[in-house]
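S.K.: Quick one: this structure, given as structure tokens, is what I'll be asking you about.
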Number of protein chains: 2
Amino acid sequence: METPVESTRERLLNVAEQRFGEGGYEGTSLRAITVAAAANIAAVNYHFGSKEALLRAAVARAMAPVNAERRRRLDQLEAAGDPTAEQLVRAFVEPGLELVLRRGERGAVVARFIGRIAFDPSRRIRELYAAESDPVESRYLAALRRALPDATPDAVAFGYLNMQGLLALHQSQALSPSPDAENPGNLAEALVAFLVAAFHQGLSSR
Amino acid sequence: METPVESTRERLLNVAEQRFGEGGYEGTSLRAITVAAAANIAAVNYHFGSKEALLRAAVARAMAPVNAERRRRLDQLEAAGDPTAEQLVRAFVEPGLELVLRRGERGAVVARFIGRIAFDPSRRIRELYAAESDPVESRYLAALRRALPDATPDAVAFGYLNMQGLLALHQSQALSPSPDAENPGNLAEALVAFLVAAFHQGLSSR
DNA sequence: CTCCTGTTCAAACGACCGTTTGAACTATGC
DNA sequence: GCATAGTTCAAACGGTCGTTTGAACAGGAG
């Protein structure tokens with residue numbers, strides 16, 4: 001071995017990210033993960049404690065840079081005055097899609113993993129994801145309410161939910177062949193335009 | 001037995017609808033279904049042939065009235081001239097949410113089932129759903145392109161994908177506590193307004 | 001060298017999975 | 001009556017699941 005290669009723990013997280021993203025939590029066995037990671041079955045329980053703890057660790061690792069970037073953008077926007085709805089939507093959506101843009105194949109794997117887990121059939125798993133994506137939510141909601149004074153708080157919350165959902169949907173690539181699959185940059189622009197229009201026009205009438 | 005109660009086949013479909021909608025396909029065992037339906041394990045393979053065939057039958061039964069209503073509305077709209085984007089969005093979204101409105105508790109169960117299966121982690125299952133929801137798709141796309149002459153075909157397809165996705169998301173109740181959970185009528189209106197705005201403003205710039 | 005801590009390993013645990021079997025039951029047609 | 005076709009049943013099939021066990025291995029500290 002020339003390169004000090006990844007540790008067993010890292011290999012498990014990498015493979016878990018990929019397989020959970022492809023087959024979901026229930027649909028992926030620890031044996032499939034450990035074989036692909038060239039690790040022993042018992043390694044999962046040694047390093048993480050259980051299958052669900054492995055998932056939790058993978059979600060936390062995958063969400064950390066996204067949350068950090070969202071926080072950074074929010075700080076920057078709010079330091080310059082009251083941000084517009086478009087700026088806020090951009091600050092939410094782009095960090096989620098930049099994964100795909102900037103990190104090549106691994107970025108696409110991470111994005112699909114995040115998107116898939118966010119909509120897992122099991123409420124338990126969805127809540128596990130929600131806990132990791134929570135930290136910036138209330139700040140975004142407050143800023144959006146300020147940017148859209150004509151919309152009721154309920155309407156803003158409704159829009160935020162739709163934004164979260166559509167982003168996760170595109171991340172997971174669950175929407176059959178997305179027309180922008182081969183061009184993630186266009187996807188981000190199209191999604192931002194779509195959401196901004198919906199926020200501005202579609203919510204005020206409520 | 002006084003009432004001729006439902007047949008084993010119907011009870012299996014009803015329970016499958018409910019359980020698959022709660023736990024997803026992988027997360028729901030045939031034993032859980034047959035116990036709740038007061039049927040023998042072997043009944044599934046006798047009446048349907050396999051677990052997947054049971055799912056297929058349940059999806060077909062659940063989608064039939066939705067597809068029929070969408071077709072009916074499309075026929076009616078096109079008979080009266082070129083429909084607007086709002087009319088088309090309404091004709092797509094409302095049949096999917098009317099389930100919840102008109103059929104009480106069972107309607108909500110069916111809606112959640114449909115929404116959940118549409119985003120199942122397994123590509124196989126998603127394709128099974130897509131096959132059932134296909135028949136009206138091309139008609140909608142063509143009508144939408146006519147209603148939005150300023151948007152490119154790709155942009156219209158992108159909007160249709162988002163509409164499909166958001167509807168399924170709200171049907172599945174995967175978006176944590178939806179603010180309109182207790183009032184499905186409002187949900188339909190809000191979703192239509194949200195989507196119509198996005199279609200009109202958000203797609204023309206592409 | 002010896003101890004010790006951290007890691008990996010093959011093997012097995014009990015539980016649950018979807019599916020199949022063949023016998024038992026039911027009702028209808030003759 | 002009897003045969004027949006449709007349905008239900010308990011039981012078992014082989015497999016896979018997440019988890020646990022206890023021994024083997026590694027390498028730095030004393």
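Chain labels follow the order of the structure tokens: the first chain is A, the next B, and so on; residue numbering restarts at 1 in every chain, and ligands are counted from 1 in their shown order.
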With a distance cut-off of 12 Å and only C-alpha atoms (C1' of nucleotides), select the neighbouring residues of range 14-16 of chain C, excluding the residue or stretch itself and same-chain residues fewer than 5 positions from it, and output the selection as a VMD selection string.
M.R.: (chain B and resid 28 to 32) or (chain D and resid 15 to 20)
S.K.: If we count only C-alpha atoms (C1' of nucleotides), which residues of chain A reach to within 12 Å of chain C? Please list them as a list in words.
M.R.: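 In the required form, that comes to Ser7, Thr8, Arg9, Ala38, Ala39, Asn40, Ile41, Ala42, Ala43, Val44, Tyr46 and His47 of chain A.
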S.K.: Tell me which protein, DNA and RNA residues are within 8 Å of range 112-129 of chain B, counting only C-alpha atoms (C1' of nucleotides), leaving out same-chain ones fewer than 6 positions away, and put them as a PyMOL selection string.
M.R.: (chain A and resi 22-24+27+116+119-121+174) or (chain B and resi 17-18+20-22+24-25+56+59+62-63+167-173)
S.K.: Could you turn the residues from that selection into a file that holds C-alpha atoms, as an mmCIF file, in the first residue's frame?
M.R.:
```
data_model
loop_
_atom_site.group_PDB
_atom_site.id
_atom_site.type_symbol
_atom_site.label_atom_id
_atom_site.label_comp_id
_atom_site.auth_asym_id
_atom_site.auth_seq_id
_atom_site.Cartn_x
_atom_site.Cartn_y
_atom_site.Cartn_z
ATOM 1 C CA GLU A 22 -29.275 4.204 -4.366
ATOM 2 C CA GLY A 23 -31.503 1.816 -2.467
ATOM 3 C CA GLY A 24 -32.735 3.713 0.553
ATOM 4 C CA GLY A 27 -33.298 -1.513 0.870
ATOM 5 C CA ARG A 116 -33.213 10.241 -0.757
ATOM 6 C CA PHE A 119 -38.019 11.424 1.825
ATOM 7 C CA ASP A 120 -37.423 7.993 3.243
ATOM 8 C CA PRO A 121 -40.655 6.056 3.748
ATOM 9 C CA ALA A 174 -36.180 10.730 -8.185
ATOM 10 C CA GLU B 17 -52.759 0.572 0.562
ATOM 11 C CA GLN B 18 -52.592 1.654 4.173
ATOM 12 C CA PHE B 20 -47.407 0.545 2.095
ATOM 13 C CA GLY B 21 -48.358 4.184 2.526
ATOM 14 C CA GLU B 22 -47.098 4.202 6.095
ATOM 15 C CA GLY B 24 -43.076 2.033 2.153
ATOM 16 C CA TYR B 25 -42.706 -1.129 0.116
ATOM 17 C CA ARG B 56 -49.037 -3.218 -8.647
ATOM 18 C CA VAL B 59 -51.394 1.193 -7.368
ATOM 19 C CA ALA B 62 -55.736 3.747 -6.497
ATOM 20 C CA MET B 63 -54.706 5.608 -9.634
ATOM 21 C CA LEU B 167 -48.234 17.122 -5.566
ATOM 22 C CA ALA B 168 -46.826 13.735 -4.597
ATOM 23 C CA LEU B 169 -44.978 15.354 -1.725
ATOM 24 C CA HIS B 170 -48.130 16.858 -0.286
ATOM 25 C CA GLN B 171 -50.072 13.673 -0.911
ATOM 26 C CA SER B 172 -47.513 11.624 0.958
ATOM 27 C CA GLN B 173 -47.475 14.029 3.885
#
```
S.K.: Work out how far CA of Leu148 in chain A is from CA of Thr84 in chain A, in Å to one decimal.
M.R.: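 If I compute the distance from CA of Thr84 in chain A to CA of Leu148 in chain A, I get 8.3 Å.
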S.K.: Running DSSP on the backbone, which parts of range 30-206 of chain B land in helix (DSSP H, G or I), as a ChimeraX atom specification?
M.R.: /B:30-36,41-47,51-79,85-102,104-118,123-147,153-172,184-202
S.K.: For chain A, which residue among B:Gln87, B:Arg139, B:Ala193, B:His200 is the nearest when counting only C-alpha atoms?
M.R.: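 Smallest distance to chain A is found for B:Ala193.
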S.K.: Give me the residues within 12 Å of Gln201 in chain A as a PyMOL selection string, counting only C-alpha atoms (C1' of nucleotides) and dropping any in the same chain fewer than 6 places off.
M.R.: (chain A and resi 85+148+150-151+155-156+159+194-195) or (chain B and resi 190+192-202)
S.K.: Show me, as a Markdown table, the residues of chain D having an atom within 10 Å of chain B, each with the closest atom pair and its distance in Å, using only C-alpha atoms (C1' of nucleotides).
M.R.:
```
| residue | atom | partner | partner_atom | distance |
| --- | --- | --- | --- | --- |
| D:DT7 | C1' | B:Ala43 | CA | 8.8 |
| D:DT8 | C1' | B:Asn40 | CA | 7.2 |
| D:DC9 | C1' | B:Asn40 | CA | 7.0 |
| D:DA10 | C1' | B:Asn40 | CA | 9.4 |
```
S.K.: For the selection you just gave me, I'd like the residues written to a file as an mmCIF file, in the first residue's frame, keeping N, CA and C atoms (P, O5', C5', C4', C3', O3' and C1' of nucleotides).
M.R.:
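Written output follows (result_24.cif):
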```
data_model
loop_
_atom_site.group_PDB
_atom_site.id
_atom_site.type_symbol
_atom_site.label_atom_id
_atom_site.label_comp_id
_atom_site.auth_asym_id
_atom_site.auth_seq_id
_atom_site.Cartn_x
_atom_site.Cartn_y
_atom_site.Cartn_z
ATOM 1 P P DT D 7 -61.800 -17.840 -6.046
ATOM 2 O "O5'" DT D 7 -61.404 -18.259 -4.567
ATOM 3 C "C5'" DT D 7 -62.438 -18.381 -3.583
ATOM 4 C "C4'" DT D 7 -61.879 -19.018 -2.333
ATOM 5 C "C3'" DT D 7 -60.732 -18.268 -1.646
ATOM 6 O "O3'" DT D 7 -61.274 -17.621 -0.499
ATOM 7 C "C1'" DT D 7 -60.472 -20.638 -1.561
ATOM 8 P P DT D 8 -60.318 -16.764 0.438
ATOM 9 O "O5'" DT D 8 -59.824 -17.891 1.449
ATOM 10 C "C5'" DT D 8 -60.706 -18.384 2.435
ATOM 11 C "C4'" DT D 8 -60.011 -19.460 3.242
ATOM 12 C "C3'" DT D 8 -58.861 -18.948 4.129
ATOM 13 O "O3'" DT D 8 -59.199 -19.191 5.483
ATOM 14 C "C1'" DT D 8 -58.257 -20.941 2.971
ATOM 15 P P DC D 9 -58.308 -18.496 6.619
ATOM 16 O "O5'" DC D 9 -57.315 -19.699 6.985
ATOM 17 C "C5'" DC D 9 -57.861 -20.942 7.418
ATOM 18 C "C4'" DC D 9 -56.789 -22.016 7.447
ATOM 19 C "C3'" DC D 9 -55.477 -21.590 8.086
ATOM 20 O "O3'" DC D 9 -55.524 -21.908 9.466
ATOM 21 C "C1'" DC D 9 -55.160 -22.976 6.127
ATOM 22 P P DA D 10 -54.454 -21.261 10.471
ATOM 23 O "O5'" DA D 10 -53.389 -22.445 10.568
ATOM 24 C "C5'" DA D 10 -53.836 -23.756 10.901
ATOM 25 C "C4'" DA D 10 -52.719 -24.760 10.678
ATOM 26 C "C3'" DA D 10 -51.442 -24.486 11.477
ATOM 27 O "O3'" DA D 10 -50.924 -25.725 11.910
ATOM 28 C "C1'" DA D 10 -50.956 -24.449 9.150
#
```
S.K.: Rounded to one decimal place, report the CA of Gly96 in chain A-CA of Ala58 in chain A distance in Å.
M.R.: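 CA of Ala58 in chain A lies 16.0 Å from CA of Gly96 in chain A.
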S.K.: Quote the spacing between CA of Gly49 in chain A and C1' of DA26 in chain D in Å to one decimal place.
M.R.: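 Taking CA of Gly49 in chain A as the start and C1' of DA26 in chain D as the end point, the length is 22.3 Å.
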S.K.: From the options A:Pro135, A:Ala130, A:Arg73, A:Ala16, which residue's atoms come nearest to chain B, counting only C-alpha atoms?
M.R.: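 Looking only at the distances to chain B, the closest residue turns out to be A:Ala130.
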